[in-house]
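What follows is target-v3.tsv (TSV, C-alpha atoms).
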```
chain	number	residue	atom	x	y	z
A	137	MET	CA	-64.46	53.38	60.55
A	138	TRP	CA	-65.39	51.39	57.43
A	139	ASN	CA	-62.29	52.64	55.62
A	140	ASP	CA	-60.10	51.47	58.51
A	141	LEU	CA	-61.20	47.84	58.17
A	142	PRO	CA	-58.71	45.40	56.64
A	143	MET	CA	-59.88	44.63	53.11
A	144	GLY	CA	-58.66	43.52	49.73
A	145	GLY	CA	-60.15	44.01	46.33
A	146	THR	CA	-63.21	41.84	46.91
A	147	ASN	CA	-63.62	41.18	50.64
A	148	VAL	CA	-63.94	43.09	53.91
A	149	HIS	CA	-62.64	41.81	57.25
A	150	ILE	CA	-64.20	42.88	60.54
A	151	PRO	CA	-61.94	42.17	63.54
A	152	ILE	CA	-63.28	40.53	66.71
A	153	GLU	CA	-61.24	40.66	69.91
A	154	PHE	CA	-62.00	38.35	72.87
A	155	ASP	CA	-61.23	38.91	76.52
A	156	ASP	CA	-58.76	36.01	76.51
A	157	GLY	CA	-56.69	37.70	73.78
A	158	ALA	CA	-57.94	35.59	70.86
A	159	GLU	CA	-58.57	37.48	67.64
A	160	TRP	CA	-60.93	36.48	64.85
A	161	LEU	CA	-62.00	38.05	61.59
A	162	VAL	CA	-65.42	38.17	59.95
A	163	ARG	CA	-64.76	37.74	56.22
A	164	LEU	CA	-67.55	38.90	53.93
A	165	PRO	CA	-67.60	39.77	50.23
A	166	GLN	CA	-67.87	43.37	49.12
A	167	SER	CA	-70.90	44.09	46.98
A	168	THR	CA	-69.97	46.12	43.90
A	169	SER	CA	-71.07	46.42	40.29
A	170	ALA	CA	-68.40	43.85	39.43
A	171	SER	CA	-69.56	41.30	42.02
A	172	PRO	CA	-70.92	37.94	40.82
A	173	PRO	CA	-74.58	37.05	41.46
A	174	LYS	CA	-75.20	36.26	45.14
A	175	VAL	CA	-75.79	32.56	44.54
A	176	LEU	CA	-72.38	32.32	42.87
A	177	ALA	CA	-70.74	34.46	45.57
A	178	ASP	CA	-72.15	32.14	48.25
A	179	GLN	CA	-70.85	29.09	46.38
A	180	SER	CA	-67.43	30.72	46.26
A	181	LEU	CA	-67.56	31.45	49.98
A	182	SER	CA	-68.52	27.83	50.78
A	183	SER	CA	-65.77	26.56	48.50
A	184	GLU	CA	-63.20	28.79	50.19
A	185	VAL	CA	-64.16	27.44	53.61
A	186	CYS	CA	-63.82	23.85	52.37
A	187	THR	CA	-60.44	24.72	50.84
A	188	TYR	CA	-59.16	26.18	54.11
A	189	ARG	CA	-60.23	23.09	56.04
A	190	LEU	CA	-58.63	20.77	53.49
A	191	LEU	CA	-55.35	22.70	53.57
A	192	LYS	CA	-55.40	22.78	57.37
A	193	SER	CA	-55.70	19.00	57.42
A	194	VAL	CA	-52.21	18.61	55.93
A	195	GLY	CA	-50.56	21.25	58.12
A	196	ILE	CA	-50.54	24.24	55.78
A	197	LYS	CA	-50.52	27.54	57.67
A	198	VAL	CA	-54.04	28.81	57.06
A	199	PRO	CA	-56.61	30.24	59.49
A	200	ASN	CA	-58.94	28.00	61.48
A	201	ILE	CA	-62.54	28.40	60.29
A	202	TYR	CA	-65.17	28.58	63.03
A	203	ALA	CA	-68.48	29.20	61.26
A	204	LEU	CA	-70.00	29.80	57.85
A	205	GLU	CA	-73.24	31.77	57.57
A	206	LEU	CA	-75.03	31.85	54.22
A	207	ASN	CA	-77.90	34.34	54.10
A	208	ALA	CA	-80.45	34.78	51.33
A	209	THR	CA	-81.14	38.49	51.81
A	210	SER	CA	-78.19	39.79	53.85
A	211	PRO	CA	-74.41	39.42	53.43
A	212	SER	CA	-72.98	35.95	53.87
A	213	TYR	CA	-69.75	35.53	55.83
A	214	PHE	CA	-67.48	33.20	57.72
A	215	LEU	CA	-65.47	33.49	60.94
A	216	MET	CA	-61.76	32.70	61.01
A	217	ASP	CA	-58.60	33.21	63.03
A	218	ARG	CA	-56.71	36.45	62.60
A	219	LEU	CA	-53.18	35.26	61.91
A	220	PRO	CA	-50.07	37.22	62.89
A	221	GLY	CA	-47.93	38.87	60.23
A	222	LYS	CA	-48.44	41.37	57.44
A	223	PRO	CA	-48.96	40.98	53.68
A	224	THR	CA	-45.63	41.82	52.03
A	225	PHE	CA	-44.71	41.87	48.36
A	226	PHE	CA	-41.68	39.63	47.85
A	227	GLU	CA	-39.90	42.05	45.52
A	228	VAL	CA	-39.64	44.77	48.17
A	229	ILE	CA	-37.77	42.50	50.61
A	230	GLN	CA	-34.07	43.38	50.52
A	231	ASP	CA	-32.64	40.87	52.99
A	232	GLU	CA	-31.43	37.74	51.17
A	233	GLY	CA	-31.80	35.63	54.29
A	234	ALA	CA	-35.44	36.66	54.60
A	235	LYS	CA	-36.05	35.75	50.95
A	236	THR	CA	-34.52	32.33	51.50
A	237	LYS	CA	-36.84	31.68	54.47
A	238	ILE	CA	-39.90	32.66	52.43
A	239	ILE	CA	-38.89	30.47	49.49
A	240	ASP	CA	-38.36	27.57	51.89
A	241	ASP	CA	-41.84	28.10	53.38
A	242	VAL	CA	-43.41	28.14	49.89
A	243	ALA	CA	-41.58	24.88	49.13
A	244	ASP	CA	-43.12	23.32	52.27
A	245	CYS	CA	-46.56	24.52	51.12
A	246	PHE	CA	-46.05	22.91	47.69
A	247	ILE	CA	-45.01	19.64	49.33
A	248	ALA	CA	-48.11	19.65	51.55
A	249	ILE	CA	-50.40	20.38	48.57
A	250	SER	CA	-48.80	17.48	46.70
A	251	THR	CA	-50.23	15.15	49.38
A	252	LEU	CA	-53.78	16.21	48.40
A	253	PRO	CA	-54.41	14.71	44.96
A	254	LEU	CA	-57.97	15.38	43.81
A	255	ALA	CA	-60.16	13.26	41.57
A	256	LEU	CA	-62.54	16.06	40.50
A	257	ARG	CA	-61.77	19.44	38.97
A	258	GLY	CA	-65.15	21.01	38.23
A	259	PRO	CA	-66.58	21.81	34.79
A	260	PHE	CA	-63.52	20.66	32.79
A	261	SER	CA	-62.09	17.19	32.49
A	262	SER	CA	-58.52	18.43	32.06
A	263	ALA	CA	-56.29	21.50	32.00
A	264	ARG	CA	-56.11	21.10	28.22
A	265	ALA	CA	-59.91	21.20	27.96
A	266	LYS	CA	-60.06	24.27	30.22
A	267	HIS	CA	-57.58	26.27	28.17
A	268	LEU	CA	-59.11	25.29	24.84
A	269	ALA	CA	-62.60	26.24	26.05
A	270	CYS	CA	-61.35	29.63	27.28
A	271	ILE	CA	-59.60	30.29	23.98
A	272	GLU	CA	-62.73	29.38	22.00
A	273	MET	CA	-64.75	31.78	24.16
A	274	VAL	CA	-62.28	34.60	23.41
A	275	LEU	CA	-62.41	33.83	19.68
A	276	ALA	CA	-66.22	33.91	19.73
A	277	ARG	CA	-66.24	37.27	21.52
A	278	ILE	CA	-63.80	38.72	19.00
A	279	ARG	CA	-65.96	37.49	16.10
A	280	GLY	CA	-68.99	39.05	17.80
A	281	GLY	CA	-67.25	42.41	18.11
A	282	TYR	CA	-67.34	42.39	21.92
A	283	GLU	CA	-63.61	42.44	22.64
A	284	TYR	CA	-60.32	43.63	21.14
A	285	VAL	CA	-62.14	45.78	18.60
A	286	GLU	CA	-59.04	47.87	17.83
A	287	ALA	CA	-56.76	44.84	17.39
A	288	ALA	CA	-59.23	42.10	16.46
A	289	GLU	CA	-57.20	40.42	13.72
A	290	GLU	CA	-53.91	40.30	15.63
A	291	VAL	CA	-55.41	38.99	18.87
A	292	TYR	CA	-57.52	36.49	16.92
A	293	LEU	CA	-54.40	35.16	15.19
A	294	ILE	CA	-52.54	34.95	18.49
A	295	HIS	CA	-55.34	32.90	20.03
A	296	LEU	CA	-55.44	30.59	17.02
A	297	GLU	CA	-51.77	29.86	17.60
A	298	LEU	CA	-52.39	29.52	21.34
A	299	ILE	CA	-54.64	26.56	20.49
A	300	GLU	CA	-51.64	24.86	18.91
A	301	ILE	CA	-49.42	25.75	21.85
A	302	VAL	CA	-51.91	24.26	24.35
A	303	LYS	CA	-51.98	21.04	22.34
A	304	ILE	CA	-48.18	20.93	22.43
A	305	LEU	CA	-48.06	21.52	26.18
A	306	TYR	CA	-50.76	18.86	26.66
A	307	PRO	CA	-50.10	16.56	23.68
A	308	HIS	CA	-52.17	13.56	24.72
A	309	ALA	CA	-55.76	14.49	25.47
A	310	ALA	CA	-56.57	10.96	26.63
A	311	GLN	CA	-53.72	11.07	29.16
A	312	ASP	CA	-54.89	14.43	30.51
A	313	MET	CA	-58.46	13.39	31.25
A	314	GLY	CA	-58.32	12.26	34.83
A	315	PRO	CA	-56.77	12.67	38.25
A	316	PRO	CA	-54.67	13.55	40.00
A	317	PHE	CA	-55.31	17.28	40.07
A	318	PHE	CA	-53.91	19.64	42.69
A	319	LEU	CA	-55.01	22.88	44.32
A	320	LYS	CA	-53.64	26.10	42.88
A	321	HIS	CA	-54.11	29.51	44.49
A	322	ALA	CA	-55.89	31.94	42.17
A	323	GLU	CA	-53.20	34.57	42.82
A	324	SER	CA	-49.58	34.17	43.79
A	325	LYS	CA	-48.30	37.74	43.83
A	326	GLY	CA	-47.13	37.33	47.41
A	327	ASP	CA	-49.48	39.81	49.05
A	328	ASN	CA	-51.54	36.86	50.28
A	329	TRP	CA	-48.60	35.53	52.28
A	330	LEU	CA	-48.47	36.89	55.83
A	331	ILE	CA	-44.86	37.50	56.89
A	332	ASP	CA	-44.05	37.54	60.62
A	333	ASP	CA	-41.23	39.29	62.50
A	334	SER	CA	-38.91	36.32	61.97
A	335	ASN	CA	-39.36	36.63	58.17
A	336	HIS	CA	-41.25	33.36	57.90
A	337	ILE	CA	-44.67	32.94	56.31
A	338	SER	CA	-47.13	32.80	59.19
A	339	GLY	CA	-50.15	32.20	56.96
A	340	PHE	CA	-51.33	31.64	53.40
A	341	ILE	CA	-54.61	33.50	52.95
A	342	ASP	CA	-57.25	34.46	50.35
A	343	TRP	CA	-57.96	31.03	48.85
A	344	GLU	CA	-61.05	32.35	47.09
A	345	TRP	CA	-61.47	31.02	43.51
A	346	THR	CA	-58.85	28.30	44.05
A	347	GLU	CA	-58.82	25.80	41.21
A	348	ALA	CA	-57.80	22.18	40.86
A	349	THR	CA	-55.49	21.73	37.90
A	350	SER	CA	-52.67	19.66	36.45
A	351	PRO	CA	-49.43	19.31	38.42
A	352	GLN	CA	-47.62	21.18	35.63
A	353	GLU	CA	-49.70	24.27	36.47
A	354	ALA	CA	-50.24	23.75	40.19
A	355	PHE	CA	-46.51	23.68	40.94
A	356	VAL	CA	-45.15	26.46	38.74
A	357	ALA	CA	-43.20	29.12	40.61
A	358	PRO	CA	-45.46	31.83	42.08
A	359	GLU	CA	-45.76	35.17	40.30
A	360	ALA	CA	-44.05	36.75	43.30
A	361	PHE	CA	-40.79	35.09	42.30
A	362	ILE	CA	-40.76	36.41	38.71
A	363	ASP	CA	-37.92	38.79	37.88
A	364	VAL	CA	-36.46	39.19	41.34
A	365	GLY	CA	-32.76	39.33	40.65
A	366	ALA	CA	-30.80	36.20	41.43
A	367	PHE	CA	-33.95	34.26	42.30
A	368	TYR	CA	-35.04	34.27	38.66
A	369	ASP	CA	-31.95	35.37	36.71
A	370	GLY	CA	-30.65	31.93	35.80
A	371	SER	CA	-31.37	30.69	39.31
A	372	ASN	CA	-34.13	28.40	40.54
A	373	ALA	CA	-34.12	28.97	44.27
A	374	LEU	CA	-37.56	27.41	44.80
A	375	ALA	CA	-36.60	24.34	42.78
A	376	ASP	CA	-33.35	24.08	44.74
A	377	ALA	CA	-35.30	24.25	48.01
A	378	LEU	CA	-37.56	21.42	46.83
A	379	ASP	CA	-34.51	19.35	45.86
A	380	ARG	CA	-33.12	19.82	49.37
A	381	LYS	CA	-36.41	18.53	50.74
A	382	ALA	CA	-36.13	15.39	48.55
A	383	ARG	CA	-38.94	16.41	46.20
A	384	SER	CA	-37.15	16.56	42.86
A	385	ASP	CA	-40.47	15.75	41.15
A	386	LEU	CA	-41.90	19.09	42.28
A	387	ALA	CA	-38.58	20.82	41.54
A	388	ASP	CA	-38.87	19.65	37.92
A	389	PHE	CA	-42.32	21.27	37.63
A	390	VAL	CA	-40.81	24.56	38.82
A	391	ARG	CA	-37.81	24.38	36.47
A	392	ASN	CA	-39.87	23.34	33.45
A	393	GLY	CA	-42.92	25.44	34.22
A	394	LYS	CA	-42.18	28.70	32.40
A	395	ALA	CA	-44.58	27.99	29.52
A	396	TYR	CA	-47.38	26.91	31.87
A	397	GLN	CA	-46.68	30.04	33.91
A	398	ARG	CA	-47.01	32.38	30.90
A	399	LEU	CA	-50.07	30.84	29.26
A	400	PRO	CA	-52.75	32.28	31.62
A	401	PHE	CA	-51.28	35.78	31.12
A	402	LEU	CA	-52.23	35.63	27.43
A	403	ILE	CA	-55.63	33.95	27.11
A	404	GLY	CA	-58.17	36.77	27.10
A	405	ALA	CA	-55.71	39.19	28.70
A	406	SER	CA	-55.64	42.95	28.17
A	407	PHE	CA	-54.04	43.97	24.89
A	408	ASP	CA	-51.26	46.47	25.49
A	409	ARG	CA	-47.77	47.22	24.20
A	410	ASP	CA	-46.31	44.24	26.08
A	411	TYR	CA	-48.85	41.70	24.87
A	412	TYR	CA	-46.96	40.57	21.78
A	413	ASN	CA	-43.69	40.43	23.73
A	414	MET	CA	-45.30	38.04	26.22
A	415	PHE	CA	-46.67	35.97	23.35
A	416	ALA	CA	-43.27	35.94	21.62
A	417	ALA	CA	-41.65	34.72	24.83
A	418	LEU	CA	-44.14	31.85	25.03
A	419	ARG	CA	-43.56	30.96	21.36
A	420	LEU	CA	-39.82	30.86	21.98
A	421	LEU	CA	-40.29	28.53	24.94
A	422	VAL	CA	-42.68	26.13	23.20
A	423	LEU	CA	-41.91	26.42	19.49
A	424	GLY	CA	-38.27	27.50	19.65
A	425	GLU	CA	-38.91	30.42	17.30
A	426	ALA	CA	-38.00	34.07	17.81
A	427	MET	CA	-39.87	36.37	15.43
A	428	GLU	CA	-40.53	40.10	15.17
A	429	ARG	CA	-44.17	41.11	15.38
A	430	GLU	CA	-44.66	42.23	11.76
A	431	ARG	CA	-42.95	39.13	10.39
A	432	TRP	CA	-45.06	36.88	12.63
A	433	LEU	CA	-48.28	38.65	11.56
A	434	GLU	CA	-47.39	38.14	7.92
A	435	LYS	CA	-46.78	34.42	8.41
A	436	ALA	CA	-49.81	33.94	10.66
A	437	ARG	CA	-52.15	35.53	8.08
A	438	MET	CA	-50.95	32.98	5.53
A	439	LYS	CA	-50.97	30.08	7.97
A	440	PHE	CA	-54.58	30.65	9.10
A	441	ALA	CA	-55.94	32.11	5.83
A	442	ALA	CA	-58.58	29.37	5.57
A	443	ASP	CA	-59.97	29.92	9.09
A	444	ALA	CA	-63.63	30.87	8.73
A	445	GLY	CA	-63.63	33.12	11.78
A	446	LEU	CA	-60.62	35.04	10.55
A	447	MET	CA	-62.29	35.60	7.21
A	448	GLU	CA	-65.27	37.15	9.04
A	449	LEU	CA	-62.95	39.77	10.49
A	450	GLN	CA	-61.41	40.75	7.16
```

Representation of the structure as structure tokens:
Amino acid sequence: MWNDLPMGGTNVHIPIEFDDGAEWLVRLPQSTSASPPKVLADQSLSSEVCTYRLLKSVGIKVPNIYALELNATSPSYFLMDRLPGKPTFFEVIQDEGAKTKIIDDVADCFIAISTLPLALRGPFSSARAKHLACIEMVLARIRGGYEYVEAAEEVYLIHLELIEIVKILYPHAAQDMGPPFFLKHAESKGDNWLIDDSNHISGFIDWEWTEATSPQEAFVAPEAFIDVGAFYDGSNALADALDRKARSDLADFVRNGKAYQRLPFLIGASFDRDYYNMFAALRLLVLGEAMERERWLEKARMKFAADAGLMELQ
């Protein structure tokens, strides 16, 4: 029975059916070796409930939340509506009309989120500060021998240049210190969009670990729309949808958001055969330079030769 319950990578959902036909779900975190400490997991659960209620207040299609139960010694959980529809990866949808409907629904979600400017964003005062802190943490772990042991020098050099790229993307620290910030879903692969029989999004789910960030990052095109034929091959269907809805400001974030979209895929990410290619694509976007890996390594070693951390690795 346990294996038949609807669940994702971190949460389990227990269905509740009422005599009047209403359906709810009990959402509770799975407990695994990778789970955060319970106090942090409970904070995440509380934050997710608040996020759902905030999104609901501006008409975004999210479940109603009925109760939150935080328990010290047993699993915490909350009760929510079970929405119609099924999680569907965007890239497997073949019907162009269905894709257009989904893009239009995502555009409406972006517009609604844009009406919720936030004054606070948590431990960092800006997106620039967040990225720089994350990069410094990666550099420290490389120097300590905890990560990227087999490719320490190359990844260290890449992250040194990522510092420069972040400062180019956010050139004025003083202008990036305050609100407004906007909610951004932690994942946008599309499997957290419920698609109904009419090919519309019936619900946006799994708002766990949502962050508040700059509009440049909050309104980039979702990962689900990357490399899906005409939708990303010289076309900006989401931006076009936002233009039709008289929100050219959000459309500009989508059109100009490629660099902001790529950055999180590099900071502290797994090092594999595609890692440098992703970095090279970001360099081309921000610095306007295309360079083969060996040539870039040669230049980077000279450029950062005086970096004390790099010298520790050599």

I need the residue nearest Asp240 of chain A from this list: A:Asn335, A:Thr168, A:Ser350, A:Gln397. Use only C-alpha atoms for the distance.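 Going through A:Asn335, A:Thr168, A:Ser350, A:Gln397 one by one, the smallest distance to Asp240 of chain A is for A:Asn335.
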
Residue nearest Leu423 of chain A - candidates A:Ala357, A:Ile304, A:Ala375, A:Leu330, atoms counted: all atoms listed in the file: A:Ile304

Which of these, A:Asp217, A:Glu359, A:Asp379, A:Asp410, has the shortest distance to Lys197 of chain A once you count only C-alpha atoms?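 The closest residue to Lys197 of chain A is A:Asp217.
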
Which residues come within 10 Å of segment 289-302 of chain A, counting all atoms listed in the file, excluding same-chain residues fewer than 2 positions away, as a count of residues only? 55

Atomic separation - atom CA of Arg163 of chain A relative to atom CA of Ile341 of chain A, Å: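 Those two atoms sit 11.5 Å apart.
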
Per-residue nearest contacts segment 290-387 of chain A to segment 174-182 of chain A, cut-off 10 Å, using only C-alpha atoms, as a Markdown table:
```
| residue | atom | partner | partner_atom | distance |
| --- | --- | --- | --- | --- |
| A:Trp343 | CA | A:Leu181 | CA | 9.7 |
| A:Glu344 | CA | A:Ser180 | CA | 6.6 |
| A:Trp345 | CA | A:Ser180 | CA | 6.6 |
| A:Thr346 | CA | A:Ser180 | CA | 9.2 |
```
